[in-house]
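A.B. asks: Input structure: target_29.pdb, which contains PDB, C-alpha atoms and all ligand atoms.
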```
ATOM      1  CA  MET A   1     160.777  47.772  77.883  1.00  0.00           C
ATOM      2  CA  ALA A   2     159.285  48.608  81.218  1.00  0.00           C
ATOM      3  CA  ASN A   3     162.069  51.068  81.989  1.00  0.00           C
ATOM      4  CA  CYS A   4     161.928  52.968  78.713  1.00  0.00           C
ATOM      5  CA  GLU A   5     162.416  56.714  79.208  1.00  0.00           C
ATOM      6  CA  HIS A   6     160.390  57.515  76.058  1.00  0.00           C
ATOM      7  CA  GLU A   7     163.149  59.738  74.690  1.00  0.00           C
ATOM      8  CA  ASN A   8     162.476  58.986  71.054  1.00  0.00           C
ATOM      9  CA  LEU A   9     159.051  60.540  70.477  1.00  0.00           C
ATOM     10  CA  ILE A  10     157.326  61.390  67.224  1.00  0.00           C
ATOM     11  CA  LEU A  11     153.860  62.789  66.613  1.00  0.00           C
ATOM     12  CA  LYS A  12     151.748  60.272  64.738  1.00  0.00           C
ATOM     13  CA  LYS A  13     148.369  58.620  64.344  1.00  0.00           C
ATOM     14  CA  THR A  14     147.682  55.846  66.776  1.00  0.00           C
ATOM     15  CA  SER A  15     144.764  54.122  68.437  1.00  0.00           C
ATOM     16  CA  ASP A  16     143.713  52.480  71.667  1.00  0.00           C
ATOM     17  CA  THR A  17     140.657  50.692  73.006  1.00  0.00           C
ATOM     18  CA  PHE A  18     138.362  52.214  75.624  1.00  0.00           C
ATOM     19  CA  PHE A  19     135.082  50.755  76.820  1.00  0.00           C
ATOM     20  CA  GLY A  20     135.373  48.198  74.014  1.00  0.00           C
ATOM     21  CA  GLU A  21     135.582  50.899  71.308  1.00  0.00           C
ATOM     22  CA  THR A  22     138.496  52.068  69.192  1.00  0.00           C
ATOM     23  CA  PHE A  23     139.771  55.556  69.835  1.00  0.00           C
ATOM     24  CA  ASP A  24     141.840  56.907  66.903  1.00  0.00           C
ATOM     25  CA  PHE A  25     143.975  59.891  67.753  1.00  0.00           C
ATOM     26  CA  LYS A  26     147.234  61.772  67.197  1.00  0.00           C
ATOM     27  CA  ALA A  27     149.871  61.598  69.891  1.00  0.00           C
ATOM     28  CA  GLU A  28     153.556  61.614  70.678  1.00  0.00           C
ATOM     29  CA  VAL A  29     154.489  57.960  70.289  1.00  0.00           C
ATOM     30  CA  CYS A  30     157.713  56.462  71.599  1.00  0.00           C
ATOM     31  CA  GLN A  31     159.700  54.896  68.777  1.00  0.00           C
ATOM     32  CA  ASP A  32     161.443  52.537  71.168  1.00  0.00           C
ATOM     33  CA  CYS A  33     158.563  50.956  73.080  1.00  0.00           C
ATOM     34  CA  GLY A  34     155.415  52.066  71.231  1.00  0.00           C
ATOM     35  CA  ALA A  35     153.896  53.823  74.248  1.00  0.00           C
ATOM     36  CA  TYR A  36     152.082  57.083  73.640  1.00  0.00           C
ATOM     37  CA  ILE A  37     152.064  60.136  75.883  1.00  0.00           C
ATOM     38  CA  TRP A  38     148.733  61.200  77.340  1.00  0.00           C
ATOM     39  CA  ASP A  39     149.015  64.984  77.183  1.00  0.00           C
ATOM     40  CA  ASP A  40     146.460  67.804  76.989  1.00  0.00           C
ATOM     41  CA  SER A  41     146.056  67.308  73.266  1.00  0.00           C
ATOM     42  CA  VAL A  42     145.204  63.616  73.701  1.00  0.00           C
ATOM     43  CA  GLU A  43     142.924  64.507  76.594  1.00  0.00           C
ATOM     44  CA  ASN A  44     141.013  66.928  74.343  1.00  0.00           C
ATOM     45  CA  GLN A  45     140.764  64.418  71.512  1.00  0.00           C
ATOM     46  CA  PHE A  46     139.585  61.806  73.991  1.00  0.00           C
ATOM     47  CA  ASN A  47     136.857  64.061  75.381  1.00  0.00           C
ATOM     48  CA  ASP A  48     135.635  64.847  71.855  1.00  0.00           C
ATOM     49  CA  TRP A  49     135.605  61.158  71.000  1.00  0.00           C
ATOM     50  CA  LEU A  50     133.782  60.342  74.223  1.00  0.00           C
ATOM     51  CA  GLY A  51     131.153  62.984  73.452  1.00  0.00           C
ATOM     52  CA  VAL A  52     130.514  61.485  70.013  1.00  0.00           C
ATOM     53  CA  LEU A  53     130.400  57.964  71.435  1.00  0.00           C
ATOM     54  CA  TYR A  54     127.870  59.150  74.010  1.00  0.00           C
ATOM     55  CA  GLN A  55     125.630  60.517  71.240  1.00  0.00           C
ATOM     56  CA  LYS A  56     125.896  57.351  69.169  1.00  0.00           C
ATOM     57  CA  LYS A  57     125.934  54.641  71.810  1.00  0.00           C
ATOM     58  CA  ARG A  58     124.348  55.965  74.946  1.00  0.00           C
ATOM     59  CA  THR A  59     123.723  52.471  76.295  1.00  0.00           C
ATOM     60  CA  LYS A  60     127.487  51.997  76.611  1.00  0.00           C
ATOM     61  CA  PHE A  61     127.342  54.453  79.473  1.00  0.00           C
ATOM     62  CA  GLN A  62     124.599  52.615  81.286  1.00  0.00           C
ATOM     63  CA  VAL A  63     125.348  50.633  84.404  1.00  0.00           C
ATOM     64  CA  GLN A  64     123.191  47.707  85.371  1.00  0.00           C
ATOM     65  CA  PHE A  65     122.998  46.364  88.899  1.00  0.00           C
ATOM     66  CA  PHE A  66     120.717  44.492  91.270  1.00  0.00           C
ATOM     67  CA  LEU A  67     118.875  45.474  94.424  1.00  0.00           C
ATOM     68  CA  SER A  68     117.180  43.170  96.901  1.00  0.00           C
ATOM     69  CA  LYS A  69     113.493  43.526  97.746  1.00  0.00           C
ATOM     70  CA  ASN A  70     114.329  45.297 101.002  1.00  0.00           C
ATOM     71  CA  ALA A  71     116.577  47.779  99.245  1.00  0.00           C
ATOM     72  CA  LYS A  72     113.881  48.404  96.665  1.00  0.00           C
ATOM     73  CA  ASP A  73     111.258  48.990  99.377  1.00  0.00           C
ATOM     74  CA  ILE A  74     113.478  51.585 101.034  1.00  0.00           C
ATOM     75  CA  LEU A  75     114.049  53.259  97.682  1.00  0.00           C
ATOM     76  CA  GLU A  76     110.271  53.419  97.072  1.00  0.00           C
ATOM     77  CA  GLU A  77     109.703  54.925 100.483  1.00  0.00           C
ATOM     78  CA  PHE A  78     112.498  57.419 100.027  1.00  0.00           C
ATOM     79  CA  SER A  79     111.227  58.454  96.604  1.00  0.00           C
ATOM     80  CA  ASN A  80     107.775  59.241  98.073  1.00  0.00           C
ATOM     81  CA  ASN A  81     109.429  62.326  99.546  1.00  0.00           C
ATOM     82  CA  TYR A  82     110.378  63.455  96.052  1.00  0.00           C
ATOM     83  CA  PRO A  83     107.194  63.365  93.972  1.00  0.00           C
ATOM     84  CA  GLY A  84     107.792  63.569  90.246  1.00  0.00           C
ATOM     85  CA  ILE A  85     111.424  62.511  90.517  1.00  0.00           C
ATOM     86  CA  PRO A  86     112.001  59.138  88.829  1.00  0.00           C
ATOM     87  CA  ASN A  87     113.750  56.402  90.791  1.00  0.00           C
ATOM     88  CA  THR A  88     116.537  56.301  88.226  1.00  0.00           C
ATOM     89  CA  THR A  89     117.333  59.942  89.011  1.00  0.00           C
ATOM     90  CA  ILE A  90     117.399  59.214  92.726  1.00  0.00           C
ATOM     91  CA  LEU A  91     119.699  56.231  92.158  1.00  0.00           C
ATOM     92  CA  LYS A  92     121.988  58.321  89.981  1.00  0.00           C
ATOM     93  CA  ILE A  93     122.261  60.979  92.672  1.00  0.00           C
ATOM     94  CA  PHE A  94     122.907  58.348  95.346  1.00  0.00           C
ATOM     95  CA  VAL A  95     125.817  57.076  93.280  1.00  0.00           C
ATOM     96  CA  ALA A  96     127.174  60.572  92.630  1.00  0.00           C
ATOM     97  CA  VAL A  97     126.919  61.629  96.277  1.00  0.00           C
ATOM     98  CA  TYR A  98     128.554  58.436  97.449  1.00  0.00           C
ATOM     99  CA  LEU A  99     131.389  58.403  94.926  1.00  0.00           C
ATOM    100  CA  ASP A 100     132.011  62.162  94.635  1.00  0.00           C
ATOM    101  CA  ILE A 101     131.465  63.269  98.223  1.00  0.00           C
ATOM    102  CA  ILE A 102     131.762  60.329 100.595  1.00  0.00           C
ATOM    103  CA  GLU A 103     134.366  58.111  98.970  1.00  0.00           C
ATOM    104  CA  PRO A 104     137.136  60.780  98.894  1.00  0.00           C
ATOM    105  CA  ASN A 105     136.386  61.837 102.483  1.00  0.00           C
ATOM    106  CA  GLU A 106     137.969  59.436 104.998  1.00  0.00           C
ATOM    107  CA  ASN A 107     135.912  60.869 107.831  1.00  0.00           C
ATOM    108  CA  TYR A 108     132.640  60.383 105.966  1.00  0.00           C
ATOM    109  CA  LYS A 109     133.638  56.946 104.749  1.00  0.00           C
ATOM    110  CA  LYS A 110     134.383  55.766 108.254  1.00  0.00           C
ATOM    111  CA  ARG A 111     130.774  56.408 109.262  1.00  0.00           C
ATOM    112  CA  PHE A 112     129.781  53.532 107.034  1.00  0.00           C
ATOM    113  CA  ASP A 113     131.729  50.987 109.060  1.00  0.00           C
ATOM    114  CA  LYS A 114     128.726  50.716 111.315  1.00  0.00           C
ATOM    115  CA  VAL A 115     126.138  51.028 108.541  1.00  0.00           C
ATOM    116  CA  ILE A 116     127.465  48.049 106.624  1.00  0.00           C
ATOM    117  CA  ARG A 117     127.525  45.890 109.730  1.00  0.00           C
ATOM    118  CA  GLY A 118     123.867  46.636 110.438  1.00  0.00           C
ATOM    119  CA  GLU A 119     120.821  44.459 109.840  1.00  0.00           C
ATOM    120  CA  ILE A 120     119.470  46.664 107.076  1.00  0.00           C
ATOM    121  CA  PHE A 121     122.583  46.468 104.964  1.00  0.00           C
ATOM    122  CA  GLU A 122     122.746  42.738 105.564  1.00  0.00           C
ATOM    123  CA  SER A 123     119.177  42.381 104.302  1.00  0.00           C
ATOM    124  CA  PHE A 124     120.341  43.847 100.982  1.00  0.00           C
ATOM    125  CA  GLN A 125     122.413  40.758 100.309  1.00  0.00           C
ATOM    126  CA  LYS A 126     119.532  38.301 100.362  1.00  0.00           C
ATOM    127  CA  GLY A 127     116.041  37.660  99.052  1.00  0.00           C
ATOM    128  CA  LYS A 128     114.708  38.387  95.620  1.00  0.00           C
ATOM    129  CA  PHE A 129     116.757  40.737  93.456  1.00  0.00           C
ATOM    130  CA  GLU A 130     115.578  43.151  90.829  1.00  0.00           C
ATOM    131  CA  LYS A 131     117.544  44.692  87.993  1.00  0.00           C
ATOM    132  CA  PHE A 132     118.143  48.451  87.870  1.00  0.00           C
ATOM    133  CA  LYS A 133     119.884  50.638  85.336  1.00  0.00           C
ATOM    134  CA  ILE A 134     121.357  54.095  85.484  1.00  0.00           C
ATOM    135  CA  GLN A 135     122.612  56.247  82.640  1.00  0.00           C
ATOM    136  CA  LEU A 136     125.884  58.027  83.338  1.00  0.00           C
ATOM    137  CA  LYS A 137     127.397  61.035  81.595  1.00  0.00           C
ATOM    138  CA  PRO A 138     130.688  60.248  79.808  1.00  0.00           C
ATOM    139  CA  ASN A 139     132.862  62.036  82.361  1.00  0.00           C
ATOM    140  CA  ALA A 140     131.230  60.345  85.328  1.00  0.00           C
ATOM    141  CA  PHE A 141     131.425  57.003  83.535  1.00  0.00           C
ATOM    142  CA  ARG A 142     135.088  57.516  82.861  1.00  0.00           C
ATOM    143  CA  GLU A 143     135.874  58.639  86.394  1.00  0.00           C
ATOM    144  CA  TYR A 144     133.903  55.848  88.081  1.00  0.00           C
ATOM    145  CA  THR A 145     135.397  53.237  85.759  1.00  0.00           C
ATOM    146  CA  ALA A 146     138.864  54.358  86.854  1.00  0.00           C
ATOM    147  CA  MET A 147     137.819  54.281  90.520  1.00  0.00           C
ATOM    148  CA  ALA A 148     136.425  50.757  90.175  1.00  0.00           C
ATOM    149  CA  HIS A 149     139.551  49.655  88.375  1.00  0.00           C
ATOM    150  CA  LEU A 150     141.716  50.995  91.200  1.00  0.00           C
ATOM    151  CA  ALA A 151     139.545  49.244  93.768  1.00  0.00           C
ATOM    152  CA  GLY A 152     139.784  46.016  91.783  1.00  0.00           C
ATOM    153  CA  ILE A 153     136.022  45.640  91.365  1.00  0.00           C
ATOM    154  CA  SER A 154     133.604  46.021  88.484  1.00  0.00           C
ATOM    155  CA  LEU A 155     131.855  49.317  87.839  1.00  0.00           C
ATOM    156  CA  ALA A 156     128.513  47.566  88.384  1.00  0.00           C
ATOM    157  CA  SER A 157     129.567  46.274  91.828  1.00  0.00           C
ATOM    158  CA  MET A 158     130.841  49.680  92.833  1.00  0.00           C
ATOM    159  CA  VAL A 159     127.610  51.369  91.744  1.00  0.00           C
ATOM    160  CA  GLU A 160     125.507  48.697  93.438  1.00  0.00           C
ATOM    161  CA  GLU A 161     127.340  49.017  96.730  1.00  0.00           C
ATOM    162  CA  SER A 162     127.198  52.813  96.637  1.00  0.00           C
ATOM    163  CA  VAL A 163     123.425  52.656  96.256  1.00  0.00           C
ATOM    164  CA  GLU A 164     123.107  50.066  99.013  1.00  0.00           C
ATOM    165  CA  ARG A 165     125.198  52.138 101.396  1.00  0.00           C
ATOM    166  CA  MET A 166     123.101  55.231 100.752  1.00  0.00           C
ATOM    167  CA  LEU A 167     119.839  53.316 101.154  1.00  0.00           C
ATOM    168  CA  ALA A 168     121.016  51.777 104.418  1.00  0.00           C
ATOM    169  CA  LEU A 169     122.161  55.159 105.718  1.00  0.00           C
ATOM    170  CA  CYS A 170     118.917  56.969 104.947  1.00  0.00           C
ATOM    171  CA  VAL A 171     116.938  54.671 107.244  1.00  0.00           C
ATOM    172  CA  GLU A 172     119.576  54.416 109.994  1.00  0.00           C
ATOM    173  CA  THR A 173     118.098  54.696 113.481  1.00  0.00           C
ATOM    174  CA  ASP A 174     121.425  55.214 115.272  1.00  0.00           C
ATOM    175  CA  GLN A 175     121.356  58.783 116.598  1.00  0.00           C
ATOM    176  CA  LYS A 176     124.779  59.825 115.350  1.00  0.00           C
ATOM    177  CA  LEU A 177     124.262  58.303 111.927  1.00  0.00           C
ATOM    178  CA  ARG A 178     120.853  59.934 111.628  1.00  0.00           C
ATOM    179  CA  GLU A 179     122.447  63.289 112.321  1.00  0.00           C
ATOM    180  CA  PHE A 180     125.191  62.537 109.812  1.00  0.00           C
ATOM    181  CA  TRP A 181     122.556  61.690 107.204  1.00  0.00           C
ATOM    182  CA  ILE A 182     120.458  64.776 107.851  1.00  0.00           C
ATOM    183  CA  GLN A 183     123.212  67.328 108.376  1.00  0.00           C
ATOM    184  CA  ASN A 184     125.804  66.172 105.883  1.00  0.00           C
ATOM    185  CA  ILE A 185     124.506  63.767 103.303  1.00  0.00           C
ATOM    186  CA  LYS A 186     120.875  64.649 102.693  1.00  0.00           C
ATOM    187  CA  LYS A 187     122.004  68.213 102.052  1.00  0.00           C
ATOM    188  CA  GLU A 188     124.316  66.966  99.323  1.00  0.00           C
ATOM    189  CA  PHE A 189     121.516  64.864  97.878  1.00  0.00           C
ATOM    190  CA  ASN A 190     119.280  67.924  97.630  1.00  0.00           C
ATOM    191  CA  ARG A 191     122.082  69.961  96.119  1.00  0.00           C
ATOM    192  CA  TYR A 192     122.616  67.344  93.395  1.00  0.00           C
ATOM    193  CA  LEU A 193     118.879  67.088  92.845  1.00  0.00           C
ATOM    194  CA  LYS A 194     118.695  70.797  92.016  1.00  0.00           C
ATOM    195  CA  VAL A 195     121.105  70.416  89.137  1.00  0.00           C
ATOM    196  CA  ALA A 196     119.913  66.988  87.951  1.00  0.00           C
TER     197      ALA A 196
HETATM  198 ZN    ZN B 201     159.342  54.315  75.339  1.00  0.00          ZN
END
```
Here is the file; what I need is its structure written in the form of structure tokens.
Ligand SMILES: [Zn+2]
C.D. replies:
Amino acid sequence: MANCEHENLILKKTSDTFFGETFDFKAEVCQDCGAYIWDDSVENQFNDWLGVLYQKKRTKFQVQFFLSKNAKDILEEFSNNYPGIPNTTILKIFVAVYLDIIEPNENYKKRFDKVIRGEIFESFQKGKFEKFKIQLKPNAFREYTAMAHLAGISLASMVEESVERMLALCVETDQKLREFWIQNIKKEFNRYLKVA
């Protein structure tokens, strides 16, 4: 019933699966096709459920990915400028800046055309890899999962590439890209760091 107009709705208990967990909730359910309507009430119930899930199963909101030795070296060097800030925090901010600020901005995103063709970025695809993990907040996890889904890639790949792009950018020697990093992106990094 792909063309159902959902005209026959009743409020009832239903459930759905998110992140491999069952979400039980009350919603307007279509008597003809079984679809439910995602309205403000469902949104609120979902956020409550997500909050509880986050308390109980925090590891569900962790994302694991891999970085090459070169990427890791750049991360170490970068983190020397931020004493006392753990690498996981830096990685988390890299992901947030990339996905929240750069990804929605076509102009910013275009700057990476050159970055990802460079030697540095290429070096991230080879050599020895090490596992990294970041813990996301439920809302970020939800938002990034949807973004990855739209892009047709896994959340882990999206996170990994975001980190790699940021790491490649922060050591760019190209004049214009250096300015872009310092004037636009590093500022955002520092802004996120303040509230981390
Ligand atoms: Zn329907």
A.B. asks: For the contact check between chain A and ligand ZN 201 (chain B), emit one row per residue of chain A within 12 Å, containing the shortest atom pair and the distance in Å rounded to one decimal, counting only C-alpha atoms and all ligand atoms, chain then rising number order, as CSV.
C.D. replies:
```
residue,atom,partner,partner_atom,distance
A:Met1,CA,B:ZN201,ZN,7.2
A:Ala2,CA,B:ZN201,ZN,8.2
A:Asn3,CA,B:ZN201,ZN,7.9
A:Cys4,CA,B:ZN201,ZN,4.5
A:Glu5,CA,B:ZN201,ZN,5.5
A:His6,CA,B:ZN201,ZN,3.4
A:Glu7,CA,B:ZN201,ZN,6.7
A:Asn8,CA,B:ZN201,ZN,7.1
A:Leu9,CA,B:ZN201,ZN,7.9
A:Ile10,CA,B:ZN201,ZN,11.0
A:Glu28,CA,B:ZN201,ZN,10.4
A:Val29,CA,B:ZN201,ZN,7.9
A:Cys30,CA,B:ZN201,ZN,4.6
A:Gln31,CA,B:ZN201,ZN,6.6
A:Asp32,CA,B:ZN201,ZN,5.0
A:Cys33,CA,B:ZN201,ZN,4.1
A:Gly34,CA,B:ZN201,ZN,6.1
A:Ala35,CA,B:ZN201,ZN,5.6
A:Tyr36,CA,B:ZN201,ZN,8.0
A:Ile37,CA,B:ZN201,ZN,9.3
```
A.B. asks: Taking only C-alpha atoms into account, name the residue in A:Glu130, A:Glu43, A:Asp174, A:Glu119 that is nearest to Lys26 in chain A.
C.D. replies: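 Checking each candidate against Lys26 in chain A, we get A:Glu43 as the closest.
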A.B. asks: Would you translate the PyMOL selection byres (((chain A and resi 129) around 8) and not hetatm) into the concrete set of residues it matches in this file, as an MDAnalysis selection string?
C.D. replies: chainID A and resid 66:69 126:128 130:131
A.B. asks: Using all atoms listed in the file, which protein or nucleic acid residues come within 8 Å of range 102-113 of chain A? Drop anything in the same chain fewer than 3 positions from it, and give the result as a PyMOL selection string.
C.D. replies: chain A and resi 97-99+116-117+165+169+177
A.B. asks: Within 12 Å of (135.2, 57.0, 82.2) in the file's own coordinates, which protein, DNA or RNA residues have an atom, counting all atoms listed in the file? List them as a count of residues only.
C.D. replies: 28
A.B. asks: If the box runs along x, y and z of the file and leaves 3 Å on each side of range 41-59 of chain A, what are its centre and edge lengths in Å, one decimal, as lines of an AutoDock Vina configuration file?
C.D. replies:
```
center_x = 134.9
center_y = 59.9
center_z = 72.9
size_x = 28.3
size_y = 20.8
size_z = 13.4
```
A.B. asks: Between CA of Tyr192 in chain A and CA of Leu91 in chain A, what is the distance in Å, rounded to a tenth?
C.D. replies: 11.6 Å
A.B. asks: With distances taken over only C-alpha atoms, which residue among A:Val115, A:Ala96, A:Ile120, A:Ile134 lies nearest Thr59 in chain A?
C.D. replies: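 Closest candidate: A:Ile134.
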A.B. asks: Which value, in Å to one decimal, gives the distance between CA of Lys186 in chain A and CA of Ile153 in chain A?
C.D. replies: 26.8 Å
A.B. asks: Give me, as a list in words, all polymer residues having an atom no more than 9 Å from Leu75 in chain A, counting all atoms listed in the file and skipping those fewer than 2 positions away in the same chain.
C.D. replies: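 Everything that qualifies: Asn70, Ala71, Lys72, Asp73, Glu77, Phe78, Ser79, Asn80, Asn87, Ile90, Leu91 and Leu167 of chain A.
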A.B. asks: Find the distance between CA of Gly118 in chain A and CA of Ala168 in chain A and write it in Å to one decimal.
C.D. replies: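 These atoms are spaced 8.4 Å apart.
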A.B. asks: Given the choices A:Gln175, A:Ala196, A:Leu11, A:Gln135, which gets closest to Arg58 in chain A if the distance is worked out from all atoms listed in the file?
C.D. replies: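 With all atoms listed in the file as the atom set, the closest residue is A:Gln135.
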A.B. asks: Generate the coordinates of N, CA and C atoms for range 38-52 of chain A; report them as an mmCIF file, in the coordinates of the input.
C.D. replies:
```cif
data_model
loop_
_atom_site.group_PDB
_atom_site.id
_atom_site.type_symbol
_atom_site.label_atom_id
_atom_site.label_comp_id
_atom_site.auth_asym_id
_atom_site.auth_seq_id
_atom_site.Cartn_x
_atom_site.Cartn_y
_atom_site.Cartn_z
ATOM 1 N N TRP A 38 150.065 60.608 77.136
ATOM 2 C CA TRP A 38 148.733 61.200 77.340
ATOM 3 C C TRP A 38 148.921 62.643 77.788
ATOM 4 N N ASP A 39 148.861 63.569 76.830
ATOM 5 C CA ASP A 39 149.015 64.984 77.183
ATOM 6 C C ASP A 39 147.679 65.720 76.992
ATOM 7 N N ASP A 40 147.698 67.028 77.111
ATOM 8 C CA ASP A 40 146.460 67.804 76.989
ATOM 9 C C ASP A 40 145.787 67.608 75.642
ATOM 10 N N SER A 41 146.612 67.488 74.600
ATOM 11 C CA SER A 41 146.056 67.308 73.266
ATOM 12 C C SER A 41 145.295 65.975 73.177
ATOM 13 N N VAL A 42 145.873 64.922 73.716
ATOM 14 C CA VAL A 42 145.204 63.616 73.701
ATOM 15 C C VAL A 42 143.941 63.674 74.574
ATOM 16 N N GLU A 43 144.075 64.350 75.688
ATOM 17 C CA GLU A 43 142.924 64.507 76.594
ATOM 18 C C GLU A 43 141.746 65.175 75.864
ATOM 19 N N ASN A 44 142.069 66.232 75.097
ATOM 20 C CA ASN A 44 141.013 66.928 74.343
ATOM 21 C C ASN A 44 140.402 66.036 73.275
ATOM 22 N N GLN A 45 141.260 65.322 72.550
ATOM 23 C CA GLN A 45 140.764 64.418 71.512
ATOM 24 C C GLN A 45 139.899 63.332 72.133
ATOM 25 N N PHE A 46 140.329 62.860 73.306
ATOM 26 C CA PHE A 46 139.585 61.806 73.991
ATOM 27 C C PHE A 46 138.199 62.287 74.411
ATOM 28 N N ASN A 47 138.149 63.506 74.952
ATOM 29 C CA ASN A 47 136.857 64.061 75.381
ATOM 30 C C ASN A 47 135.910 64.255 74.202
ATOM 31 N N ASP A 48 136.460 64.697 73.061
ATOM 32 C CA ASP A 48 135.635 64.847 71.855
ATOM 33 C C ASP A 48 135.085 63.489 71.431
ATOM 34 N N TRP A 49 135.982 62.517 71.406
ATOM 35 C CA TRP A 49 135.605 61.158 71.000
ATOM 36 C C TRP A 49 134.530 60.586 71.922
ATOM 37 N N LEU A 50 134.723 60.841 73.215
ATOM 38 C CA LEU A 50 133.782 60.342 74.223
ATOM 39 C C LEU A 50 132.400 60.976 74.022
ATOM 40 N N GLY A 51 132.409 62.276 73.693
ATOM 41 C CA GLY A 51 131.153 62.984 73.452
ATOM 42 C C GLY A 51 130.397 62.392 72.274
ATOM 43 N N VAL A 52 131.124 62.079 71.206
ATOM 44 C CA VAL A 52 130.514 61.485 70.013
ATOM 45 C C VAL A 52 129.991 60.079 70.335
#
```
